[in-house]
$ cat coords-v4.txt   # compact mmCIF, C-alpha atoms
# COMPACT_ATOMS: atom_id res chain seq x y z
CA MET A 1 52.69 -26.27 -103.65
CA ARG A 2 48.97 -26.37 -102.98
CA LYS A 3 48.84 -29.96 -104.27
CA ASN A 4 51.55 -30.97 -101.77
CA LYS A 5 49.58 -29.39 -98.92
CA ASN A 6 46.45 -31.26 -99.92
CA LEU A 7 48.37 -34.53 -100.07
CA ALA A 8 49.86 -33.90 -96.63
CA LEU A 9 46.40 -33.16 -95.21
CA LEU A 10 44.99 -36.29 -96.83
CA PHE A 11 47.83 -38.36 -95.36
CA ILE A 12 47.16 -36.96 -91.86
CA LEU A 13 43.44 -37.71 -92.16
CA MET A 14 44.18 -41.27 -93.27
CA LEU A 15 46.44 -41.74 -90.24
CA VAL A 16 43.73 -40.42 -87.93
CA PHE A 17 41.03 -42.66 -89.37
CA THR A 18 43.36 -45.67 -89.39
CA SER A 19 44.29 -45.00 -85.76
CA CYS A 20 40.65 -44.62 -84.73
CA GLY A 21 39.70 -47.79 -86.59
CA GLU A 22 42.52 -49.71 -84.96
CA TYR A 23 41.52 -48.45 -81.51
CA GLN A 24 37.87 -49.43 -81.97
CA LYS A 25 38.84 -52.84 -83.29
CA VAL A 26 41.08 -53.57 -80.30
CA LEU A 27 38.55 -52.11 -77.88
CA ASN A 28 35.71 -54.29 -79.13
CA LYS A 29 37.41 -57.47 -80.33
CA GLY A 30 41.05 -57.40 -79.22
CA THR A 31 42.63 -59.88 -76.86
CA THR A 32 43.41 -58.81 -73.31
CA GLU A 33 47.08 -58.42 -74.21
CA GLU A 34 46.24 -56.32 -77.29
CA GLN A 35 43.94 -54.13 -75.20
CA TYR A 36 46.66 -53.68 -72.60
CA LYS A 37 49.20 -52.59 -75.23
CA MET A 38 46.67 -50.24 -76.84
CA ALA A 39 45.78 -48.77 -73.42
CA VAL A 40 49.46 -48.02 -72.76
CA LYS A 41 49.80 -46.56 -76.25
CA MET A 42 46.78 -44.29 -75.73
CA TYR A 43 48.09 -43.27 -72.30
CA GLU A 44 51.54 -42.40 -73.64
CA SER A 45 49.90 -40.47 -76.51
CA GLN A 46 47.99 -38.47 -73.85
CA LYS A 47 44.66 -39.83 -75.09
CA TYR A 48 43.62 -40.48 -71.52
CA SER A 49 39.88 -40.98 -71.99
CA LYS A 50 40.50 -43.71 -74.55
CA ALA A 51 43.11 -45.28 -72.31
CA LEU A 52 40.68 -45.33 -69.39
CA ARG A 53 38.05 -47.19 -71.43
CA LEU A 54 40.57 -49.91 -72.17
CA PHE A 55 41.96 -50.05 -68.63
CA GLU A 56 38.42 -50.51 -67.34
CA LYS A 57 38.00 -53.57 -69.59
CA ILE A 58 41.30 -55.26 -68.77
CA THR A 59 41.61 -54.55 -65.02
CA PRO A 60 39.75 -57.73 -63.91
CA SER A 61 42.12 -59.87 -66.01
CA TYR A 62 45.28 -58.35 -64.51
CA ARG A 63 44.40 -58.48 -60.82
CA ALA A 64 47.27 -59.99 -58.78
CA LYS A 65 49.56 -59.86 -61.84
CA PRO A 66 52.79 -57.82 -62.08
CA GLN A 67 51.28 -55.43 -64.65
CA MET A 68 48.59 -54.36 -62.17
CA GLU A 69 50.90 -51.96 -60.34
CA ARG A 70 51.59 -50.05 -63.54
CA ILE A 71 47.92 -50.17 -64.58
CA GLN A 72 46.71 -48.75 -61.27
CA PHE A 73 49.14 -45.85 -61.44
CA MET A 74 48.25 -45.05 -65.06
CA VAL A 75 44.52 -45.20 -64.24
CA SER A 76 45.12 -42.78 -61.35
CA GLN A 77 47.20 -40.42 -63.47
CA ALA A 78 44.80 -40.58 -66.42
CA ASN A 79 41.87 -39.63 -64.20
CA PHE A 80 43.94 -36.74 -62.82
CA ASN A 81 44.81 -35.56 -66.33
CA VAL A 82 41.17 -35.53 -67.47
CA LYS A 83 40.26 -33.66 -64.25
CA ASN A 84 38.32 -36.49 -62.60
CA TYR A 85 39.95 -35.27 -59.41
CA SER A 86 37.83 -37.02 -56.77
CA LEU A 87 38.26 -40.32 -58.58
CA ALA A 88 41.98 -39.70 -59.07
CA GLY A 89 42.35 -39.02 -55.34
CA TYR A 90 40.68 -42.32 -54.55
CA TYR A 91 42.81 -44.31 -57.03
CA PHE A 92 46.12 -42.73 -55.99
CA ASP A 93 45.29 -43.47 -52.35
CA ARG A 94 44.43 -47.06 -53.22
CA PHE A 95 47.66 -47.42 -55.20
CA ALA A 96 49.74 -46.21 -52.22
CA LYS A 97 47.99 -48.69 -49.92
CA ASN A 98 48.25 -51.59 -52.34
CA TYR A 99 51.89 -50.93 -53.23
CA PRO A 100 53.53 -49.30 -50.18
CA LYS A 101 57.01 -50.39 -51.32
CA SER A 102 56.59 -49.05 -54.84
CA SER A 103 59.03 -46.39 -56.05
CA LYS A 104 55.91 -44.35 -56.86
CA ALA A 105 54.23 -44.69 -53.46
CA GLU A 106 55.37 -41.25 -52.21
CA GLU A 107 54.33 -39.60 -55.47
CA ALA A 108 50.96 -41.35 -55.33
CA GLU A 109 50.26 -40.15 -51.78
CA PHE A 110 51.09 -36.57 -52.73
CA LEU A 111 48.97 -36.76 -55.89
CA SER A 112 46.09 -38.25 -53.91
CA ALA A 113 46.10 -35.20 -51.64
CA LEU A 114 46.55 -32.84 -54.59
CA SER A 115 43.63 -34.48 -56.42
CA TYR A 116 41.29 -33.91 -53.48
CA TYR A 117 42.65 -30.36 -53.21
CA LYS A 118 41.73 -29.70 -56.84
CA ALA A 119 38.32 -31.34 -56.32
CA ALA A 120 37.58 -29.19 -53.27
CA PRO A 121 34.89 -26.60 -54.08
CA ALA A 122 34.46 -23.04 -52.83
CA PHE A 123 34.40 -22.72 -49.03
CA SER A 124 30.62 -22.23 -49.02
CA LEU A 125 29.93 -25.65 -50.56
CA ASP A 126 30.21 -29.28 -49.40
CA PRO A 127 33.58 -29.63 -47.59
CA THR A 128 33.93 -33.42 -48.11
CA ASP A 129 36.82 -33.23 -50.58
CA THR A 130 38.39 -30.40 -48.58
CA ASN A 131 38.49 -32.62 -45.49
CA LYS A 132 39.84 -35.55 -47.51
CA ALA A 133 42.59 -33.32 -48.90
CA LEU A 134 43.49 -32.00 -45.44
CA ASP A 135 43.74 -35.52 -44.04
CA ALA A 136 45.77 -36.70 -47.04
CA PHE A 137 48.22 -33.78 -46.87
CA GLN A 138 48.61 -34.24 -43.11
CA ARG A 139 49.44 -37.92 -43.60
CA PHE A 140 51.92 -37.03 -46.34
CA ILE A 141 53.61 -34.35 -44.20
CA ASP A 142 53.90 -36.75 -41.25
CA LYS A 143 55.12 -39.68 -43.35
CA TYR A 144 57.57 -37.83 -45.62
CA PRO A 145 59.15 -35.02 -43.56
CA ASP A 146 62.15 -34.91 -45.93
CA SER A 147 60.16 -34.95 -49.15
CA GLY A 148 60.94 -32.48 -51.91
CA LYS A 149 57.18 -31.87 -52.00
CA LEU A 150 56.98 -30.87 -48.32
CA VAL A 151 56.90 -27.09 -48.93
CA GLU A 152 54.19 -27.53 -51.54
CA ALA A 153 52.20 -29.86 -49.29
CA ASN A 154 52.33 -27.36 -46.40
CA LYS A 155 51.20 -24.58 -48.74
CA TYR A 156 48.17 -26.53 -49.92
CA TYR A 157 47.38 -27.62 -46.36
CA GLY A 158 47.37 -23.98 -45.23
CA GLU A 159 45.05 -22.97 -48.07
CA LEU A 160 42.61 -25.75 -47.26
CA ARG A 161 42.62 -24.97 -43.57
CA LEU A 162 41.90 -21.32 -44.35
CA LYS A 163 38.98 -22.42 -46.50
CA LEU A 164 37.42 -24.33 -43.57
CA GLU A 165 38.10 -21.43 -41.19
CA GLU A 166 36.33 -19.08 -43.58
CA LYS A 167 33.37 -21.44 -43.83
CA ALA A 168 33.10 -21.68 -40.03
CA PHE A 169 33.39 -17.90 -39.72
CA GLU A 170 30.68 -17.23 -42.32
CA ILE A 171 28.33 -19.75 -40.67
CA ALA A 172 28.77 -17.99 -37.33
CA LYS A 173 28.16 -14.58 -38.96
CA THR A 174 25.02 -15.92 -40.62
CA TYR A 175 23.67 -16.95 -37.21
CA TYR A 176 24.33 -13.42 -35.96
CA ARG A 177 22.74 -11.73 -38.99
CA THR A 178 19.58 -13.85 -38.73
CA ALA A 179 19.22 -13.38 -34.97
CA ARG A 180 17.14 -10.26 -35.51
CA TYR A 181 14.43 -12.60 -36.84
CA ASP A 182 15.05 -15.45 -34.41
CA SER A 183 16.64 -14.47 -31.09
CA ARG A 184 17.77 -18.06 -30.49
CA ASN A 185 20.42 -17.46 -33.13
CA TYR A 186 22.30 -15.07 -30.80
CA ARG A 187 23.21 -18.04 -28.64
CA ALA A 188 23.93 -20.13 -31.77
CA ALA A 189 26.26 -17.38 -33.05
CA ILE A 190 28.13 -17.21 -29.73
CA VAL A 191 28.62 -20.99 -29.71
CA ALA A 192 29.71 -20.98 -33.37
CA PHE A 193 32.30 -18.24 -32.78
CA ASP A 194 33.58 -20.10 -29.70
CA ASN A 195 33.92 -23.30 -31.74
CA LEU A 196 35.82 -21.44 -34.47
CA LEU A 197 38.25 -19.93 -31.97
CA SER A 198 38.88 -23.20 -30.15
CA GLU A 199 39.12 -25.41 -33.24
CA TYR A 200 41.34 -23.07 -35.27
CA LEU A 201 43.84 -21.64 -32.83
CA GLY A 202 45.68 -18.72 -34.34
CA THR A 203 43.06 -18.25 -37.06
CA SER A 204 43.38 -15.12 -39.18
CA PHE A 205 39.71 -14.45 -38.39
CA LYS A 206 40.35 -14.25 -34.65
CA GLU A 207 40.00 -10.47 -34.20
CA GLU A 208 36.83 -10.23 -36.27
CA ALA A 209 35.40 -13.37 -34.66
CA LEU A 210 35.93 -11.93 -31.17
CA TYR A 211 34.29 -8.69 -32.26
CA TYR A 212 31.22 -10.41 -33.70
CA ARG A 213 31.05 -12.66 -30.67
CA LEU A 214 30.88 -9.50 -28.55
CA LYS A 215 28.18 -8.04 -30.80
CA ALA A 216 26.12 -11.21 -30.48
CA ALA A 217 26.55 -11.29 -26.70
CA HIS A 218 25.77 -7.55 -26.45
CA ASP A 219 22.60 -7.75 -28.56
CA PHE A 220 21.49 -10.90 -26.76
CA ALA A 221 21.88 -9.21 -23.38
CA ILE A 222 20.18 -5.95 -24.34
CA LYS A 223 17.17 -7.76 -25.79
CA SER A 224 16.83 -10.21 -22.90
CA THR A 225 14.10 -10.16 -20.30
CA PRO A 226 15.03 -8.46 -16.99
CA ARG A 227 15.25 -11.85 -15.27
CA ARG A 228 18.09 -13.01 -17.56
CA LYS A 229 19.61 -9.70 -18.56
CA LEU A 230 22.11 -9.28 -15.72
CA VAL A 231 23.83 -12.63 -16.31
CA ARG A 232 23.98 -12.03 -20.05
CA ILE A 233 25.41 -8.55 -19.55
CA GLU A 234 28.22 -10.09 -17.49
CA GLU A 235 28.88 -12.59 -20.30
CA ALA A 236 28.99 -9.76 -22.84
CA VAL A 237 31.44 -7.78 -20.69
CA LYS A 238 33.69 -10.84 -20.58
CA ALA A 239 33.51 -10.97 -24.38
CA TYR A 240 34.60 -7.31 -24.52
CA ASN A 241 37.51 -7.98 -22.15
CA LYS A 242 38.65 -10.93 -24.23
CA LEU A 243 38.67 -8.84 -27.40
CA LYS A 244 40.62 -6.02 -25.75
CA ARG A 245 43.06 -8.41 -24.06
CA ASN A 246 43.90 -10.13 -27.35
CA PHE A 247 43.77 -7.00 -29.52
CA PRO A 248 44.43 -3.91 -27.36
CA GLU A 249 44.60 -1.74 -30.49
CA SER A 250 41.80 -3.44 -32.39
CA LYS A 251 40.18 -1.56 -35.26
CA PHE A 252 36.86 -2.55 -33.67
CA LEU A 253 37.65 -0.96 -30.31
CA GLY A 254 35.66 2.24 -30.91
CA ASP A 255 32.42 0.38 -31.56
CA SER A 256 33.25 -2.11 -28.80
CA ASP A 257 33.68 0.69 -26.26
CA LYS A 258 30.21 1.99 -27.17
CA MET A 259 28.75 -1.48 -26.60
CA LEU A 260 30.53 -1.71 -23.25
CA ALA A 261 29.09 1.67 -22.19
CA ALA A 262 25.58 0.53 -23.16
CA LEU A 263 26.04 -2.68 -21.17
CA HIS A 264 27.17 -0.79 -18.06
CA LYS A 265 24.20 1.57 -18.39
CA GLU A 266 21.77 -1.36 -18.56
CA GLN A 267 23.54 -2.98 -15.63
CA GLU A 268 23.23 0.15 -13.47
CA GLN A 269 19.53 0.45 -14.24
CA LEU A 270 18.92 -3.17 -13.30
CA VAL A 271 20.80 -2.77 -10.01
CA LYS A 272 18.82 0.36 -9.14
CA SER A 273 15.52 -1.32 -9.88

$ encode --input "coords-v4.txt" --output "structure tokens"
Amino acid sequence: MRKNKNLALLFILMLVFTSCGEYQKVLNKGTTEEQYKMAVKMYESQKYSKALRLFEKITPSYRAKPQMERIQFMVSQANFNVKNYSLAGYYFDRFAKNYPKSSKAEEAEFLSALSYYKAAPAFSLDPTDTNKALDAFQRFIDKYPDSGKLVEANKYYGELRLKLEEKAFEIAKTYYRTARYDSRNYRAAIVAFDNLLSEYLGTSFKEEALYYRLKAAHDFAIKSTPRRKLVRIEEAVKAYNKLKRNFPESKFLGDSDKMLAALHKEQEQLVKS
């Protein structure tokens, strides 16, 4: 029994070494046609990295030939499968543009967007791939309103949009938090919260953004010189009114009412003086 197991293991090892030797031989010395067939074989065996090495070698020889459509899609899919997501997004997009009438064009456009989605980092990092994914999903949604992938595309689009909203919100909050060290950041925080609210209508951060906008306007007014304080108090009161108008039962209303009272007190003192 043990002898049979050893023979089976030896047979498997021989197959592996033979396969590797054949691959290296074709990779280094094979004809273009042999390399193409080996690339397809590696791709279908899910050995995507090996397939990509071969596809890279043969691509120049197959430009403008019928096989190129298949090669481009396999290169895109192979990059996706080895998690080269940014590259996969680029290749799927290029495939869709090069072969708009292909039966795989719709799939390629969806996978291009999905690739950039998977490449997109945490909200606090570079949003380049996030923006590419948003644009790609929007194009897909507009172009294929009856697609079976529409629900999935909308889901991913919503997640990406939330990621950018969160980034904008955290940037605005950072301006507010650092304003104690640099008073110019109160104005920067106000502008950043205004940009968030105008760019992302209906954002889930709206209530908190309006509250922090009020805090920034309140602190900015209180710490201002007498010459500018009255105008900035009026701006802060408007910020309070906007919060209360949009969220009459806001969880921040208690603290907001205290800020309003402090603003009115400062206003009365300025008028008296």

$ residues_near_point --input "coords-v4.txt" --point "(47.9, -46.4, -56.9)" --cutoff "9 Å" --atoms "all atoms listed in the file" --output "PyMOL selection string"
chain A and resi 69-77+90-99+104-105+108-109+112

$ residues_around --input "coords-v4.txt" --residues "stretch 177-191 of chain A" --least-positions-apart "2" --cutoff "7 Å" --atoms "all atoms listed in the file" --output "PyMOL selection string"
chain A and resi 172-175+193-195+213+216-217+220

$ closest_residue --input "coords-v4.txt" --among "A:Ala192, A:Leu260, A:Ala236, A:Ala136" --to "A:Phe110" --atoms "only C-alpha atoms"
A:Ala136

$ residues_around --input "coords-v4.txt" --residues "stretch 45-56 of chain A" --least-positions-apart "2" --cutoff "12 Å" --atoms "only C-alpha atoms" --output "PyMOL selection string"
chain A and resi 19-20+23-43+58-63+67-68+70-84+88

$ atom_distance --input "coords-v4.txt" --atom1 "atom CA of A:Ser147" --atom2 "atom CA of A:Asp129"
23.4 Å

$ atom_distance --input "coords-v4.txt" --atom1 "atom CA of A:Glu106" --atom2 "atom CA of A:Glu44"
21.8 Å

$ residues_around --input "coords-v4.txt" --residues "A:Thr203" --least-positions-apart "2" --cutoff "12 Å" --atoms "all atoms listed in the file" --output "PyMOL selection string"
chain A and resi 158+161-166+168-169+193+195-201+205-210

$ closest_residue --input "coords-v4.txt" --among "A:Lys238, A:His218, A:Lys132, A:Lys143" --to "A:Asp255" --atoms "all atoms listed in the file"
A:His218

$ closest_residue --input "coords-v4.txt" --among "A:Leu114, A:Val231, A:Leu263, A:Ala119" --to "A:Phe140" --atoms "only C-alpha atoms"
A:Leu114

$ residues_around --input "coords-v4.txt" --residues "A:Thr128" --least-positions-apart "4" --cutoff "12 Å" --atoms "all atoms listed in the file" --output "short mmCIF file (atom, residue, chain, number, x, y, z; two decimals) with C-alpha atoms, in the coordinates of the input"
data_model
loop_
_atom_site.label_atom_id
_atom_site.label_comp_id
_atom_site.auth_asym_id
_atom_site.auth_seq_id
_atom_site.Cartn_x
_atom_site.Cartn_y
_atom_site.Cartn_z
CA SER A 86 37.83 -37.02 -56.77
CA TYR A 116 41.29 -33.91 -53.48
CA TYR A 117 42.65 -30.36 -53.21
CA ALA A 119 38.32 -31.34 -56.32
CA ALA A 120 37.58 -29.19 -53.27
CA PRO A 121 34.89 -26.60 -54.08
CA ALA A 122 34.46 -23.04 -52.83
CA PHE A 123 34.40 -22.72 -49.03
CA SER A 124 30.62 -22.23 -49.02
CA LYS A 132 39.84 -35.55 -47.51
CA ALA A 133 42.59 -33.32 -48.90
CA LEU A 134 43.49 -32.00 -45.44
CA ASP A 135 43.74 -35.52 -44.04
CA LEU A 160 42.61 -25.75 -47.26
CA LEU A 164 37.42 -24.33 -43.57
#

$ closest_residue --input "coords-v4.txt" --among "A:Lys215, A:Lys118, A:Lys57, A:Lys101" --to "A:Leu87" --atoms "all atoms listed in the file"
A:Lys118

$ atom_distance --input "coords-v4.txt" --atom1 "atom CA of A:Tyr85" --atom2 "atom CA of A:Ser115"
4.8 Å
